[in-house]
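Undergrad: What follows is a structure written as structure tokens; I'll ask about it next.
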Amino acid sequence: MTPAKRSTEEAMVSSFNQTIQQEDYREEEQRGEKDESMGGFKSFLWHGGSVYDAWFSCASNQVAQVLLTLPYSFSQLGMVSGIIFQIFYGIVGSWTAYLISVLYIEYRGRKEKENVSFKNHVIQWFEVLDGLLGPYWKAVGLAFNCTFLLFGTVIQLIACASNIYYINDKLDKRTWTYIFGACCATTVFIPSFHNYRIWSFLGLGMTTYTAWYLTVAALAHGQVEGVKHSAPTELVLYFTGATNILYTFGGHAVTVEIMHAMWKPQKFKYIYLVATLYVFTLTLPSAAAVYWAFGDQLLTHSNAFSLLPRSRWRDAGVILMLIHQFITFGFACTPLYFVWEKVIGMHETKSLFLRAIVRLPVVIPIWFLAIIFPFFGPINSAVGALLVSFTVYIIPSLAHMLTYRSSSARHNASEKPPVIVARSWTVMYVINTFIVVWVLVVGFGFGGWASMTNFIKQVDTFGLFAKCYQCPSKTPPVPTAAAHR
């Protein structure tokens, strides 16, 4: 067979397969619309799968408790570096989310050519890696993704205890962790990302309120007396702060699950970028304003709420963030539920109650780890350096390069390079290589060294199982002479 004839046949096969894939997506969209029309108001609140649902899910999930630690990162980095790193990692995170979406479409397209049905099966990132690159990549993806999501849920529990303490300090943070662990366990009853429609919408509204409360409250408060903005002063602090921002924009470990919940997942490509642009309007003003007002005081106050005076506006922000952290806990834990269901052979079970029961063991180690490591702020950087750097930056970039390393794979690719890179595979490879090298050296290398140094310092200072991390000491009032009369 001549090369020209082979090329023509490959093009015909590619065109035919894309037609079949589009028909499958169209049927899925029609099925979703039918569900909405039949379910009425309940379906409107409960069953999502549109582009808007995906956007709300991405924007809501991308910034949660980390919003409260970004001023702390600015106190480590300085104002200029803080802003630059936010923009840089926001763009890089959007790019790797795009790569993940492309690989999902490629994997699903290949499987549907083999008449594989995903009617009662949720595709996950490690399965995409397995289908495109083999079992070793599946093992690596599963290990990093599950460990990251595990500690992501741990961080949400720690944040719940840290926040509620600023409203009610009668209980210590460890006790609040017990309480919120039980509350967050109720997420076992949410079947999939289809069912986060109303929660995603509310969650984004909650973070929007909190971000602008921080901004306005800090500006209204003004700068504290003798405020200092001495950052950057130490390499350890500098790279710890940078890694927390890497963690901030690495929230797309659930991208595949969000895409799978869409009626037309091929429309996801630029959703994460648009979500990131909105998130910038929340993270940049709030972090800059709080750092401007309090400066170096933030170095010992990783939660921005701790420095703002108590008011009904602050209490509202705390309560809204608590609810949002419950939602984000569900976002991060749902993929873990799916993995566990697949391990024990219960993933395709239709009984909601039975699935909820078998999911409960997933929550127990999360609860336990949150009690061991209650270090709100420093734990974000450690997770960012050791887990996020690989899970959502390095692995997707490498996987994309290896998937399309052959000319035939590039020719038959479900998604060609976008206009922003001049439709060039070479430019895509250059960008992917830069991300791998940068994150490996700066994020994992320097960031890992700095964040673990800082994390160990917290352990030495407060100990494991700290009862009340960074709580102000409660010294009893000194009795006066009049009191003895």
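Following the order of the structure tokens, chains are lettered A, B, ..., residues in each are numbered from 1, and ligands are numbered from 1.
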Find the spatial neighbours of A:Gln86, counting only C-alpha atoms, within a cut-off of 9 Å - ignore same-chain residues fewer than 6 positions away - and output them as a list in words.
TA: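 Counting only the stated atoms, we get Ala242, Ile245, Leu246, Thr248, Phe249, Phe280, Thr283 and Leu284 of chain A.
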Undergrad: Once you have the residues from the selection above, write them out as a tab-separated table (two decimals), in the first residue's frame, restricted to all heavy atoms.
TA:
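Below is the file that was written, result.tsv:
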chain	number	residue	atom	x	y	z
A	242	ALA	N	5.50	30.03	47.20
A	242	ALA	CA	5.30	29.74	45.77
A	242	ALA	C	4.59	28.40	45.58
A	242	ALA	O	3.74	28.26	44.69
A	242	ALA	CB	6.65	29.74	45.06
A	245	ILE	N	0.87	28.51	46.08
A	245	ILE	CA	0.16	29.03	44.91
A	245	ILE	C	0.10	27.97	43.81
A	245	ILE	O	-0.91	27.86	43.11
A	245	ILE	CB	0.84	30.33	44.42
A	245	ILE	CG1	0.71	31.42	45.49
A	245	ILE	CG2	0.24	30.80	43.10
A	245	ILE	CD1	1.39	32.71	45.16
A	246	LEU	N	1.16	27.17	43.67
A	246	LEU	CA	1.11	26.02	42.75
A	246	LEU	C	-0.05	25.10	43.13
A	246	LEU	O	-0.78	24.62	42.26
A	246	LEU	CB	2.44	25.28	42.80
A	246	LEU	CG	2.60	24.01	41.96
A	246	LEU	CD1	4.03	23.91	41.43
A	246	LEU	CD2	2.28	22.75	42.77
A	248	THR	N	-2.75	26.05	44.74
A	248	THR	CA	-3.99	26.78	44.50
A	248	THR	C	-4.54	26.51	43.11
A	248	THR	O	-5.75	26.26	42.94
A	248	THR	CB	-3.76	28.30	44.66
A	248	THR	OG1	-3.27	28.57	45.97
A	248	THR	CG2	-5.05	29.08	44.42
A	249	PHE	N	-3.68	26.57	42.10
A	249	PHE	CA	-4.13	26.42	40.72
A	249	PHE	C	-3.91	24.99	40.20
A	249	PHE	O	-3.86	24.77	39.00
A	249	PHE	CB	-3.44	27.45	39.83
A	249	PHE	CG	-3.85	28.85	40.18
A	249	PHE	CD1	-3.06	29.64	41.01
A	249	PHE	CD2	-5.04	29.37	39.72
A	249	PHE	CE1	-3.45	30.94	41.36
A	249	PHE	CE2	-5.45	30.66	40.05
A	249	PHE	CZ	-4.65	31.43	40.87
A	280	PHE	N	-9.09	34.66	39.37
A	280	PHE	CA	-8.15	35.77	39.56
A	280	PHE	C	-8.82	36.98	40.20
A	280	PHE	O	-8.19	37.69	40.99
A	280	PHE	CB	-7.54	36.20	38.22
A	280	PHE	CG	-6.44	35.30	37.71
A	280	PHE	CD1	-6.19	35.19	36.35
A	280	PHE	CD2	-5.64	34.58	38.58
A	280	PHE	CE1	-5.17	34.37	35.87
A	280	PHE	CE2	-4.61	33.76	38.13
A	280	PHE	CZ	-4.38	33.66	36.76
A	283	THR	N	-8.82	35.98	44.01
A	283	THR	CA	-7.58	35.72	44.75
A	283	THR	C	-6.62	36.91	44.76
A	283	THR	O	-5.99	37.18	45.79
A	283	THR	CB	-6.86	34.50	44.15
A	283	THR	OG1	-6.58	34.76	42.76
A	283	THR	CG2	-7.71	33.25	44.28
A	284	LEU	N	-6.50	37.61	43.66
A	284	LEU	CA	-5.52	38.72	43.60
A	284	LEU	C	-5.91	39.88	44.50
A	284	LEU	O	-5.08	40.33	45.31
A	284	LEU	CB	-5.34	39.16	42.15
A	284	LEU	CG	-4.55	38.20	41.25
A	284	LEU	CD1	-4.65	38.62	39.79
A	284	LEU	CD2	-3.09	38.11	41.69
Undergrad: I need the residues in stretch 171-221 of chain A that are alpha helix (DSSP H) according to DSSP; give them as a ChimeraX atom specification.
TA: /A:173-184,197-221
Undergrad: Which residues come within 12 Å of stretch 347-357 of chain A, counting only C-alpha atoms, excluding same-chain residues fewer than 2 positions away, as JSON, numbers by chain?
TA: {"A": [118, 119, 120, 121, 122, 123, 185, 186, 187, 188, 189, 190, 191, 192, 334, 335, 336, 337, 338, 339, 340, 341, 342, 343, 344, 345, 359, 360, 361, 362, 363]}
Undergrad: Could you please take those selected residues and save N, CA and C atoms as a PDB file, in the first residue's frame?
TA:
ATOM      1  N   PHE A 118     -20.100   3.272  28.643  1.00  0.00           N
ATOM      2  CA  PHE A 118     -19.809   3.883  29.946  1.00  0.00           C
ATOM      3  C   PHE A 118     -21.102   4.336  30.637  1.00  0.00           C
ATOM      4  N   LYS A 119     -22.185   3.618  30.338  1.00  0.00           N
ATOM      5  CA  LYS A 119     -23.490   4.019  30.857  1.00  0.00           C
ATOM      6  C   LYS A 119     -23.518   4.076  32.381  1.00  0.00           C
ATOM      7  N   ASN A 120     -22.962   3.069  33.024  1.00  0.00           N
ATOM      8  CA  ASN A 120     -22.954   3.029  34.499  1.00  0.00           C
ATOM      9  C   ASN A 120     -21.538   3.062  35.057  1.00  0.00           C
ATOM     10  N   HIS A 121     -20.630   3.641  34.296  1.00  0.00           N
ATOM     11  CA  HIS A 121     -19.220   3.659  34.695  1.00  0.00           C
ATOM     12  C   HIS A 121     -18.665   5.073  34.532  1.00  0.00           C
ATOM     13  N   VAL A 122     -18.025   5.587  35.568  1.00  0.00           N
ATOM     14  CA  VAL A 122     -17.403   6.912  35.519  1.00  0.00           C
ATOM     15  C   VAL A 122     -15.931   6.753  35.159  1.00  0.00           C
ATOM     16  N   ILE A 123     -15.523   7.353  34.046  1.00  0.00           N
ATOM     17  CA  ILE A 123     -14.126   7.309  33.636  1.00  0.00           C
ATOM     18  C   ILE A 123     -13.301   8.168  34.584  1.00  0.00           C
ATOM     19  N   ALA A 185     -18.860  13.337  56.260  1.00  0.00           N
ATOM     20  CA  ALA A 185     -19.104  11.950  55.866  1.00  0.00           C
ATOM     21  C   ALA A 185     -20.433  11.794  55.137  1.00  0.00           C
ATOM     22  N   THR A 186     -21.334  12.762  55.293  1.00  0.00           N
ATOM     23  CA  THR A 186     -22.636  12.680  54.604  1.00  0.00           C
ATOM     24  C   THR A 186     -22.503  12.833  53.087  1.00  0.00           C
ATOM     25  N   THR A 187     -21.324  13.230  52.596  1.00  0.00           N
ATOM     26  CA  THR A 187     -21.132  13.346  51.140  1.00  0.00           C
ATOM     27  C   THR A 187     -21.187  11.979  50.451  1.00  0.00           C
ATOM     28  N   VAL A 188     -21.172  10.900  51.223  1.00  0.00           N
ATOM     29  CA  VAL A 188     -21.288   9.561  50.619  1.00  0.00           C
ATOM     30  C   VAL A 188     -22.624   9.400  49.901  1.00  0.00           C
ATOM     31  N   PHE A 189     -23.600  10.246  50.217  1.00  0.00           N
ATOM     32  CA  PHE A 189     -24.923  10.129  49.610  1.00  0.00           C
ATOM     33  C   PHE A 189     -25.040  10.885  48.280  1.00  0.00           C
ATOM     34  N   ILE A 190     -24.003  11.617  47.880  1.00  0.00           N
ATOM     35  CA  ILE A 190     -24.034  12.322  46.592  1.00  0.00           C
ATOM     36  C   ILE A 190     -23.442  11.380  45.540  1.00  0.00           C
ATOM     37  N   PRO A 191     -24.257  10.903  44.595  1.00  0.00           N
ATOM     38  CA  PRO A 191     -23.807   9.836  43.694  1.00  0.00           C
ATOM     39  C   PRO A 191     -22.617  10.200  42.813  1.00  0.00           C
ATOM     40  N   SER A 192     -22.675  11.349  42.118  1.00  0.00           N
ATOM     41  CA  SER A 192     -21.615  11.689  41.170  1.00  0.00           C
ATOM     42  C   SER A 192     -21.576  13.196  40.957  1.00  0.00           C
ATOM     43  N   THR A 334     -15.267  12.397  46.183  1.00  0.00           N
ATOM     44  CA  THR A 334     -16.078  11.592  45.272  1.00  0.00           C
ATOM     45  C   THR A 334     -15.237  10.708  44.356  1.00  0.00           C
ATOM     46  N   PRO A 335     -14.134  11.210  43.749  1.00  0.00           N
ATOM     47  CA  PRO A 335     -13.284  10.301  42.963  1.00  0.00           C
ATOM     48  C   PRO A 335     -12.713   9.153  43.796  1.00  0.00           C
ATOM     49  N   LEU A 336     -12.415   9.425  45.072  1.00  0.00           N
ATOM     50  CA  LEU A 336     -11.937   8.352  45.954  1.00  0.00           C
ATOM     51  C   LEU A 336     -13.040   7.322  46.192  1.00  0.00           C
ATOM     52  N   TYR A 337     -14.274   7.812  46.324  1.00  0.00           N
ATOM     53  CA  TYR A 337     -15.404   6.891  46.450  1.00  0.00           C
ATOM     54  C   TYR A 337     -15.490   5.990  45.217  1.00  0.00           C
ATOM     55  N   PHE A 338     -15.336   6.595  44.033  1.00  0.00           N
ATOM     56  CA  PHE A 338     -15.405   5.811  42.793  1.00  0.00           C
ATOM     57  C   PHE A 338     -14.330   4.729  42.760  1.00  0.00           C
ATOM     58  N   VAL A 339     -13.104   5.103  43.121  1.00  0.00           N
ATOM     59  CA  VAL A 339     -12.000   4.133  43.112  1.00  0.00           C
ATOM     60  C   VAL A 339     -12.302   2.975  44.062  1.00  0.00           C
ATOM     61  N   TRP A 340     -12.756   3.300  45.261  1.00  0.00           N
ATOM     62  CA  TRP A 340     -13.063   2.273  46.247  1.00  0.00           C
ATOM     63  C   TRP A 340     -14.195   1.366  45.769  1.00  0.00           C
ATOM     64  N   GLU A 341     -15.215   1.955  45.143  1.00  0.00           N
ATOM     65  CA  GLU A 341     -16.319   1.157  44.601  1.00  0.00           C
ATOM     66  C   GLU A 341     -15.820   0.177  43.544  1.00  0.00           C
ATOM     67  N   LYS A 342     -14.901   0.633  42.697  1.00  0.00           N
ATOM     68  CA  LYS A 342     -14.356  -0.236  41.654  1.00  0.00           C
ATOM     69  C   LYS A 342     -13.513  -1.356  42.247  1.00  0.00           C
ATOM     70  N   VAL A 343     -12.787  -1.043  43.315  1.00  0.00           N
ATOM     71  CA  VAL A 343     -11.947  -2.061  43.963  1.00  0.00           C
ATOM     72  C   VAL A 343     -12.797  -3.192  44.535  1.00  0.00           C
ATOM     73  N   ILE A 344     -13.911  -2.842  45.157  1.00  0.00           N
ATOM     74  CA  ILE A 344     -14.748  -3.868  45.802  1.00  0.00           C
ATOM     75  C   ILE A 344     -15.893  -4.350  44.904  1.00  0.00           C
ATOM     76  N   GLY A 345     -15.922  -3.876  43.649  1.00  0.00           N
ATOM     77  CA  GLY A 345     -16.916  -4.351  42.692  1.00  0.00           C
ATOM     78  C   GLY A 345     -18.318  -3.811  42.892  1.00  0.00           C
ATOM     79  N   ARG A 359     -19.100   3.308  50.899  1.00  0.00           N
ATOM     80  CA  ARG A 359     -18.165   4.435  50.782  1.00  0.00           C
ATOM     81  C   ARG A 359     -17.620   4.903  52.127  1.00  0.00           C
ATOM     82  N   LEU A 360     -18.318   4.629  53.192  1.00  0.00           N
ATOM     83  CA  LEU A 360     -17.952   5.175  54.506  1.00  0.00           C
ATOM     84  C   LEU A 360     -16.516   4.890  54.937  1.00  0.00           C
ATOM     85  N   PRO A 361     -15.954   3.690  54.674  1.00  0.00           N
ATOM     86  CA  PRO A 361     -14.564   3.440  55.097  1.00  0.00           C
ATOM     87  C   PRO A 361     -13.548   4.411  54.501  1.00  0.00           C
ATOM     88  N   VAL A 362     -13.884   5.083  53.400  1.00  0.00           N
ATOM     89  CA  VAL A 362     -12.958   6.039  52.781  1.00  0.00           C
ATOM     90  C   VAL A 362     -12.746   7.247  53.690  1.00  0.00           C
ATOM     91  N   VAL A 363     -13.773   7.607  54.455  1.00  0.00           N
ATOM     92  CA  VAL A 363     -13.718   8.828  55.275  1.00  0.00           C
ATOM     93  C   VAL A 363     -12.828   8.643  56.505  1.00  0.00           C
TER      94      VAL A 363
END
Undergrad: Can you tell me, as a compact mmCIF listing (two decimals) with C-alpha atoms, in the first residue's frame, what residues are no more than 9 Å from stretch 131-140 of chain A when counting only C-alpha atoms, ignoring any on the same chain fewer than 3 positions away?
TA:
# COMPACT_ATOMS: atom_id res chain seq x y z
CA LEU A 103 -6.44 12.94 26.61
CA GLU A 106 -8.81 10.64 22.93
CA TYR A 107 -9.31 7.76 25.37
CA ARG A 110 -10.84 4.99 21.17
CA LYS A 111 -12.95 3.00 23.62
CA TRP A 125 -7.75 9.80 35.15
CA PHE A 126 -5.85 6.60 35.93
CA GLU A 127 -8.07 4.73 33.45
CA VAL A 128 -7.26 7.29 30.77
CA ALA A 143 -1.01 6.51 43.33
CA PHE A 144 -0.47 10.24 42.87
CA ASN A 145 -4.09 11.14 42.19
CA ILE A 395 2.13 13.65 34.52
CA ALA A 399 1.33 11.74 29.04
CA LEU A 402 4.01 10.21 24.84
CA THR A 403 0.47 9.67 23.55
Undergrad: Give me, as a compact mmCIF listing (two decimals) with all heavy atoms, in the first residue's frame, all polymer residues having an atom no more than 8 Å from stretch 254-265 of chain A, counting only C-alpha atoms and skipping those fewer than 6 positions away in the same chain.
TA:
# COMPACT_ATOMS: atom_id res chain seq x y z
N TYR A 25 -22.15 11.58 21.64
CA TYR A 25 -22.27 12.74 22.51
C TYR A 25 -23.64 13.40 22.35
O TYR A 25 -24.23 13.88 23.32
CB TYR A 25 -21.18 13.75 22.19
CG TYR A 25 -19.80 13.32 22.60
CD1 TYR A 25 -18.69 13.70 21.86
CD2 TYR A 25 -19.61 12.55 23.72
CE1 TYR A 25 -17.41 13.32 22.23
CE2 TYR A 25 -18.33 12.15 24.12
CZ TYR A 25 -17.24 12.53 23.35
OH TYR A 25 -15.98 12.16 23.73
N ARG A 26 -24.17 13.40 21.11
CA ARG A 26 -25.46 14.01 20.87
C ARG A 26 -26.55 13.23 21.58
O ARG A 26 -27.47 13.80 22.18
CB ARG A 26 -25.74 14.06 19.36
CG ARG A 26 -26.93 14.96 19.00
CD ARG A 26 -27.13 15.05 17.49
NE ARG A 26 -25.96 15.61 16.84
CZ ARG A 26 -25.17 14.96 16.00
NH1 ARG A 26 -25.41 13.70 15.71
NH2 ARG A 26 -24.12 15.54 15.44
N GLU A 28 -26.13 11.46 24.26
CA GLU A 28 -25.96 11.69 25.70
C GLU A 28 -26.56 13.03 26.11
O GLU A 28 -27.20 13.16 27.15
CB GLU A 28 -24.48 11.65 26.05
CG GLU A 28 -24.23 11.58 27.54
CD GLU A 28 -22.79 11.23 27.85
OE1 GLU A 28 -22.07 10.77 26.95
OE2 GLU A 28 -22.40 11.41 29.02
N GLU A 29 -26.36 14.05 25.27
CA GLU A 29 -26.94 15.36 25.56
C GLU A 29 -28.45 15.30 25.54
O GLU A 29 -29.12 15.87 26.41
CB GLU A 29 -26.44 16.38 24.54
CG GLU A 29 -26.94 17.80 24.82
CD GLU A 29 -26.39 18.80 23.83
OE1 GLU A 29 -26.17 18.43 22.67
OE2 GLU A 29 -26.21 19.96 24.22
N GLY A 32 -29.71 13.73 28.64
CA GLY A 32 -29.65 14.65 29.77
C GLY A 32 -30.78 15.65 29.73
O GLY A 32 -31.40 15.95 30.76
N GLY A 48 -26.97 17.93 36.68
CA GLY A 48 -26.29 18.87 35.80
C GLY A 48 -25.36 18.17 34.84
O GLY A 48 -24.83 17.10 35.12
N GLY A 49 -25.16 18.81 33.69
CA GLY A 49 -24.24 18.25 32.71
C GLY A 49 -23.91 19.23 31.60
O GLY A 49 -23.30 18.85 30.60
N SER A 50 -24.29 20.47 31.78
CA SER A 50 -24.08 21.48 30.75
C SER A 50 -22.69 22.11 30.88
O SER A 50 -21.95 21.86 31.83
CB SER A 50 -25.14 22.58 30.86
OG SER A 50 -24.94 23.34 32.05
N VAL A 51 -22.35 22.95 29.91
CA VAL A 51 -21.11 23.70 29.96
C VAL A 51 -21.08 24.60 31.19
O VAL A 51 -20.04 24.75 31.86
CB VAL A 51 -20.96 24.55 28.68
CG1 VAL A 51 -19.80 25.53 28.81
CG2 VAL A 51 -20.74 23.64 27.47
N ALA A 54 -20.25 22.66 34.31
CA ALA A 54 -18.81 22.37 34.37
C ALA A 54 -18.03 23.60 34.80
O ALA A 54 -17.07 23.50 35.58
CB ALA A 54 -18.33 21.87 33.01
N SER A 57 -18.49 24.12 38.46
CA SER A 57 -17.76 23.10 39.20
C SER A 57 -16.27 23.43 39.26
O SER A 57 -15.63 23.33 40.31
CB SER A 57 -17.96 21.73 38.55
OG SER A 57 -19.29 21.29 38.69
N CYS A 58 -15.71 23.85 38.11
CA CYS A 58 -14.27 24.16 38.06
C CYS A 58 -13.94 25.39 38.91
O CYS A 58 -12.98 25.38 39.68
CB CYS A 58 -13.83 24.40 36.61
SG CYS A 58 -13.81 22.90 35.61
N ALA A 97 -4.83 21.46 32.43
CA ALA A 97 -6.23 21.02 32.44
C ALA A 97 -6.71 20.78 31.02
O ALA A 97 -7.47 19.83 30.75
CB ALA A 97 -7.10 22.07 33.13
N ILE A 100 -5.37 17.43 29.91
CA ILE A 100 -6.15 16.34 30.49
C ILE A 100 -7.45 16.14 29.71
O ILE A 100 -7.85 15.01 29.42
CB ILE A 100 -6.44 16.61 31.99
CG1 ILE A 100 -5.15 16.55 32.80
CG2 ILE A 100 -7.45 15.60 32.54
CD1 ILE A 100 -5.30 17.00 34.24
N SER A 101 -8.09 17.24 29.34
CA SER A 101 -9.34 17.14 28.59
C SER A 101 -9.12 16.51 27.21
O SER A 101 -9.93 15.72 26.75
CB SER A 101 -9.99 18.53 28.45
OG SER A 101 -9.27 19.35 27.55
N TYR A 104 -8.62 12.79 27.69
CA TYR A 104 -9.90 12.14 27.99
C TYR A 104 -10.69 11.89 26.70
O TYR A 104 -11.22 10.79 26.49
CB TYR A 104 -10.71 13.01 28.95
CG TYR A 104 -12.15 12.56 29.10
CD1 TYR A 104 -12.50 11.56 30.01
CD2 TYR A 104 -13.16 13.11 28.31
CE1 TYR A 104 -13.81 11.14 30.13
CE2 TYR A 104 -14.48 12.69 28.43
CZ TYR A 104 -14.80 11.70 29.34
OH TYR A 104 -16.11 11.27 29.45
N ILE A 105 -10.78 12.91 25.86
CA ILE A 105 -11.51 12.77 24.60
C ILE A 105 -10.87 11.69 23.73
O ILE A 105 -11.55 10.88 23.09
CB ILE A 105 -11.54 14.12 23.84
CG1 ILE A 105 -12.33 15.17 24.62
CG2 ILE A 105 -12.13 13.94 22.44
CD1 ILE A 105 -13.79 14.83 24.81
N VAL A 122 -18.03 5.59 35.57
CA VAL A 122 -17.40 6.91 35.52
C VAL A 122 -15.93 6.75 35.16
O VAL A 122 -15.18 6.08 35.87
CB VAL A 122 -17.54 7.65 36.87
CG1 VAL A 122 -16.81 9.00 36.82
CG2 VAL A 122 -19.01 7.85 37.22
N ILE A 123 -15.52 7.35 34.05
CA ILE A 123 -14.13 7.31 33.64
C ILE A 123 -13.30 8.17 34.58
O ILE A 123 -13.71 9.28 34.95
CB ILE A 123 -13.96 7.81 32.19
CG1 ILE A 123 -14.75 6.93 31.22
CG2 ILE A 123 -12.48 7.84 31.79
CD1 ILE A 123 -14.77 7.46 29.80
N GLN A 124 -12.12 7.67 34.97
CA GLN A 124 -11.22 8.42 35.84
C GLN A 124 -9.84 8.55 35.21
O GLN A 124 -9.50 7.83 34.26
CB GLN A 124 -11.13 7.74 37.22
CG GLN A 124 -12.46 7.79 37.97
CD GLN A 124 -12.34 7.31 39.39
OE1 GLN A 124 -12.56 6.14 39.68
NE2 GLN A 124 -12.01 8.22 40.29
N TRP A 125 -9.03 9.45 35.74
CA TRP A 125 -7.75 9.80 35.15
C TRP A 125 -6.83 8.60 35.01
O TRP A 125 -6.17 8.42 33.97
CB TRP A 125 -7.10 10.90 35.98
CG TRP A 125 -5.73 11.35 35.57
CD1 TRP A 125 -4.64 11.47 36.38
CD2 TRP A 125 -5.28 11.76 34.27
NE1 TRP A 125 -3.56 11.92 35.67
CE2 TRP A 125 -3.93 12.12 34.38
CE3 TRP A 125 -5.91 11.87 33.03
CZ2 TRP A 125 -3.18 12.57 33.29
CZ3 TRP A 125 -5.16 12.32 31.94
CH2 TRP A 125 -3.81 12.66 32.08
N SER A 192 -22.68 11.35 42.12
CA SER A 192 -21.62 11.69 41.17
C SER A 192 -21.58 13.20 40.96
O SER A 192 -22.35 13.94 41.57
CB SER A 192 -21.84 10.98 39.84
OG SER A 192 -22.92 11.58 39.14
N PHE A 193 -20.71 13.64 40.05
CA PHE A 193 -20.58 15.07 39.78
C PHE A 193 -21.80 15.64 39.04
O PHE A 193 -21.96 16.85 38.98
CB PHE A 193 -19.29 15.34 38.99
CG PHE A 193 -18.06 15.29 39.84
CD1 PHE A 193 -17.38 14.11 40.02
CD2 PHE A 193 -17.60 16.42 40.51
CE1 PHE A 193 -16.25 14.05 40.82
CE2 PHE A 193 -16.49 16.37 41.32
CZ PHE A 193 -15.81 15.17 41.48
N HIS A 194 -22.63 14.78 38.49
CA HIS A 194 -23.90 15.26 37.93
C HIS A 194 -24.71 15.97 39.00
O HIS A 194 -25.47 16.90 38.71
CB HIS A 194 -24.73 14.06 37.43
CG HIS A 194 -24.40 13.63 36.06
ND1 HIS A 194 -24.54 14.44 34.95
CD2 HIS A 194 -23.94 12.44 35.58
CE1 HIS A 194 -24.19 13.77 33.87
NE2 HIS A 194 -23.80 12.56 34.21
N PHE A 331 -16.24 17.22 46.54
CA PHE A 331 -15.59 17.24 45.23
C PHE A 331 -14.32 16.38 45.23
O PHE A 331 -14.07 15.61 44.31
CB PHE A 331 -15.21 18.67 44.86
CG PHE A 331 -16.19 19.34 43.95
CD1 PHE A 331 -17.09 20.27 44.44
CD2 PHE A 331 -16.21 19.05 42.60
CE1 PHE A 331 -18.00 20.90 43.61
CE2 PHE A 331 -17.11 19.67 41.75
CZ PHE A 331 -18.01 20.59 42.25
N ALA A 332 -13.51 16.54 46.26
CA ALA A 332 -12.24 15.82 46.32
C ALA A 332 -12.43 14.36 46.69
O ALA A 332 -11.64 13.50 46.28
CB ALA A 332 -11.30 16.50 47.32
N PRO A 335 -14.13 11.21 43.75
CA PRO A 335 -13.28 10.30 42.96
C PRO A 335 -12.71 9.15 43.80
O PRO A 335 -12.54 8.04 43.28
CB PRO A 335 -12.16 11.22 42.46
CG PRO A 335 -12.77 12.57 42.43
CD PRO A 335 -13.67 12.60 43.63
Undergrad: Show which residues sit within 12 Å of A:Ile83, as a list in words. Count only C-alpha atoms, and ignore same-chain residues fewer than 4 positions away.
TA: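 Once the adjacent positions are removed, what remains is Leu70, Pro71, Ser73, Phe74, Ser75, Leu77, Gly78, Met79, Ile87, Phe88, Tyr89, Gly90, Gly241, Ala242, Ile245, Phe280, Thr281, Thr283, Leu284, Pro285, Ser286, Ala287, Ala288, Ala289 and Tyr291 of chain A.
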Undergrad: Report, in Å to a single decimal, how far apart atom CA of A:Thr69 and atom CA of A:Val437 are.
TA: 26.6 Å
Undergrad: Which residue, A:Arg423, A:Leu320, A:Thr433, A:Leu67, has the smallest gap to A:His400 when you use only C-alpha atoms?
TA: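 Result for the nearest residue to A:His400: A:Thr433.
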Undergrad: Please provide as a ChimeraX atom specification all residues within 9 Å of A:Ile271, with the sequence filter that same-chain residues fewer than 4 positions apart are discarded (counting only C-alpha atoms).
TA: /A:51-52,54-55,58,94,98,267,275-276
Undergrad: Hey, can you check how far atom CA of A:Val236 sits from atom CA of A:Gly448?
TA: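 Separation of atom CA of A:Val236 and atom CA of A:Gly448: 9.8 Å.
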Undergrad: Go ahead and compute the interatomic distance for atom CA of A:Thr210 and atom CA of A:Gln156, in Å to one decimal.
TA: 16.0 Å
